$ cat my_file05.txt   # compact mmCIF, C-alpha atoms
# COMPACT_ATOMS: atom_id res chain seq x y z
CA MET X 47 -102.66 4.76 -131.63
CA VAL X 48 -104.49 6.65 -134.38
CA TYR X 49 -107.76 5.01 -135.49
CA GLU X 50 -108.01 4.36 -139.28
CA ASP X 51 -105.23 6.77 -140.25
CA THR X 52 -105.16 5.50 -143.84
CA PHE X 53 -108.89 6.22 -144.29
CA TYR X 54 -109.22 9.48 -142.36
CA THR X 55 -107.13 11.63 -144.72
CA MET X 56 -107.53 15.03 -146.35
CA ASP X 57 -108.11 13.34 -149.74
CA ASN X 58 -111.23 11.58 -148.41
CA ILE X 59 -112.99 14.68 -147.02
CA ILE X 60 -116.37 15.11 -148.74
CA ALA X 61 -118.35 17.49 -146.51
CA TYR X 62 -118.68 19.23 -143.15
CA SER X 63 -121.31 20.65 -140.83
CA GLY X 64 -120.89 23.57 -138.48
CA ASN X 65 -118.53 26.50 -138.75
CA PRO X 66 -115.43 25.36 -140.67
CA ASN X 67 -113.29 27.58 -138.44
CA ILE X 68 -114.65 26.28 -135.12
CA LEU X 69 -114.49 22.49 -134.68
CA PRO X 70 -116.83 21.32 -137.46
CA THR X 71 -117.95 17.74 -137.94
CA VAL X 72 -116.05 16.48 -140.98
CA TYR X 73 -117.33 13.68 -143.25
CA PHE X 74 -115.11 11.24 -145.16
CA ARG X 75 -115.71 8.73 -147.95
CA GLN X 76 -113.61 6.38 -150.05
CA GLY X 77 -115.62 4.13 -152.35
CA ASN X 78 -118.28 2.49 -150.16
CA ARG X 79 -116.35 3.19 -146.94
CA PHE X 80 -117.38 6.21 -144.89
CA GLY X 81 -117.13 7.87 -141.50
CA HIS X 82 -116.95 11.23 -139.80
CA ILE X 83 -115.03 13.07 -137.11
CA THR X 84 -117.04 14.95 -134.51
CA GLN X 85 -114.88 17.59 -132.83
CA ALA X 86 -117.45 19.16 -130.49
CA HIS X 87 -120.65 17.78 -129.00
CA ASP X 88 -122.73 18.27 -125.85
CA ASN X 89 -122.19 14.59 -125.08
CA PRO X 90 -118.42 13.92 -124.85
CA THR X 91 -118.88 10.25 -125.84
CA HIS X 92 -119.82 11.50 -129.33
CA VAL X 93 -116.50 13.32 -129.87
CA GLY X 94 -113.89 11.54 -131.99
CA ARG X 95 -113.69 9.39 -135.08
CA SER X 96 -116.70 7.27 -135.95
CA LEU X 97 -116.33 3.63 -136.84
CA VAL X 98 -115.46 3.33 -140.51
CA ARG X 99 -118.34 1.50 -142.12
CA GLU X 100 -118.92 0.05 -145.57
CA PHE X 101 -122.34 -0.03 -147.25
CA ASP X 102 -123.21 0.47 -150.89
CA ASP X 103 -126.39 2.42 -150.06
CA TYR X 104 -124.61 5.18 -148.08
CA ARG X 105 -126.04 8.64 -148.65
CA LEU X 106 -125.20 11.95 -146.98
CA TYR X 107 -127.59 14.86 -147.47
CA ASN X 108 -129.63 17.62 -145.83
CA ASN X 109 -133.03 16.32 -144.72
CA HIS X 110 -136.34 18.20 -145.03
CA ASN X 111 -135.48 20.16 -141.86
CA GLY X 112 -132.14 21.25 -143.34
CA MET X 113 -130.05 19.04 -141.05
CA ALA X 114 -127.22 16.75 -142.13
CA GLU X 115 -128.41 13.18 -142.35
CA GLU X 116 -126.61 9.88 -142.93
CA PHE X 117 -128.47 6.94 -144.47
CA TYR X 118 -127.03 3.44 -144.79
CA ASP X 119 -127.99 -0.19 -144.34
CA GLY X 120 -131.55 0.69 -145.32
CA ALA X 121 -132.25 3.38 -142.70
CA VAL X 122 -131.38 6.85 -141.45
CA ARG X 123 -128.56 6.28 -138.95
CA SER X 124 -127.49 9.77 -137.90
CA ILE X 125 -129.00 13.25 -137.91
CA GLY X 126 -126.60 16.12 -137.39
CA GLN X 127 -127.08 19.27 -135.37
CA GLY X 128 -126.87 21.56 -138.40
CA PRO X 129 -126.80 21.71 -142.19
CA LEU X 130 -124.32 19.86 -144.37
CA PHE X 131 -121.91 21.62 -146.74
CA THR X 132 -120.19 19.57 -149.45
CA ILE X 133 -116.71 20.48 -150.61
CA ALA X 134 -117.06 19.11 -154.17
CA GLY X 135 -116.59 22.04 -156.48
CA ALA X 136 -116.09 24.45 -153.58
CA ALA X 137 -114.68 27.80 -154.68
CA ASN X 138 -112.31 27.76 -151.70
CA ASP X 139 -109.51 25.31 -152.47
CA TRP X 140 -108.14 25.90 -148.97
CA LEU X 141 -111.24 24.37 -147.37
CA PRO X 142 -110.03 20.72 -147.30
CA PHE X 143 -106.80 21.89 -145.68
CA LEU X 144 -108.74 23.82 -143.03
CA LEU X 145 -111.02 20.86 -142.37
CA SER X 146 -108.05 18.49 -142.17
CA THR X 147 -107.19 19.96 -138.76
CA SER X 148 -109.84 17.52 -137.50
CA LEU X 149 -107.36 14.73 -138.28
CA LEU X 150 -105.03 16.07 -135.59
CA ASN X 151 -107.71 17.17 -133.12
CA CYS X 152 -109.41 13.78 -132.90
CA THR X 153 -107.29 10.69 -133.41
CA CYS X 154 -109.27 8.14 -131.37
CA LEU X 155 -112.43 6.16 -131.96
CA LYS X 156 -115.53 7.70 -130.33
CA ILE X 157 -116.24 6.23 -126.90
CA LYS X 158 -119.83 5.47 -127.97
CA ASP X 159 -118.44 3.30 -130.82
CA THR X 160 -116.11 1.18 -128.70
$ encode --input "my_file05.txt" --output "structure tokens"
Amino acid sequence: MVYEDTFYTMDNIIAYSGNPNILPTVYFRQGNRFGHITQAHDNPTHVGRSLVREFDDYRLYNNHNGMAEEFYDGAVRSIGQGPLFTIAGAANDWLPFLLSTSLLNCTCLKIKDT
């Protein structure tokens, strides 16, 4: 069974970290709902779709060290392993399509989130 297949869609892709050609982490948002798909990680329990959460204070940005950071529910909740690249206004209109391969690569909820 595919976890949150109506949320994790190409239309909801907002950003990525890592090389877009080699298993990037892909970030999704729809209103106040958000999540990400990690395709590669040193710890295999971190690979997969994150729980879809809903908070009105969600922010996704590069921190002072240049690393992707997720803030919600009043605190920093996740720090990525590299910088964040947003796709809003990206010159490459093929980028969301390329990143959407994550939807097929990782269909299950992360083990650490179960």
$ residues_around --input "my_file05.txt" --residues "Arg79 of chain X" --least-positions-apart "4" --cutoff "12 Å" --atoms "all atoms listed in the file" --output "MDAnalysis selection string"
chainID X and resid 50 52:54 58:59 73:75 96:105 118
$ atom_distance --input "my_file05.txt" --atom1 "atom CA of Asp57 of chain X" --atom2 "atom CA of Thr147 of chain X"
12.9 Å
$ residues_near_point --input "my_file05.txt" --point "(-112.5, 27.6, -132.4)" --cutoff "12 Å" --atoms "only C-alpha atoms" --output "list in words"
Gly64, Asn65, Pro66, Asn67, Ile68, Leu69, Pro70, Gln85, Ala86, Leu144, Thr147, Ser148 and Asn151 of chain X
$ residues_around --input "my_file05.txt" --residues "Ser124 of chain X" --least-positions-apart "2" --cutoff "12 Å" --atoms "all atoms listed in the file" --output "MDAnalysis selection string"
chainID X and resid 81:82 92 96 104:109 113:119 121:122 126:128
$ atom_distance --input "my_file05.txt" --atom1 "atom CA of Leu145 of chain X" --atom2 "atom CA of Asn111 of chain X"
24.5 Å
$ atom_distance --input "my_file05.txt" --atom1 "atom CA of Phe143 of chain X" --atom2 "atom CA of Gly77 of chain X"
20.9 Å
$ closest_residue --input "my_file05.txt" --among "X:His110, X:Arg95, X:Thr55, X:Pro129" --to "Ile83 of chain X" --atoms "only C-alpha atoms"
X:Arg95
$ closest_residue --input "my_file05.txt" --among "X:Leu141, X:Cys152, X:Ile157, X:Ile125" --to "Met56 of chain X" --atoms "all atoms listed in the file"
X:Leu141
$ closest_residue --input "my_file05.txt" --among "X:Gly112, X:Asp88, X:Asn78, X:Gly94" --to "Phe131 of chain X" --atoms "only C-alpha atoms"
X:Gly112
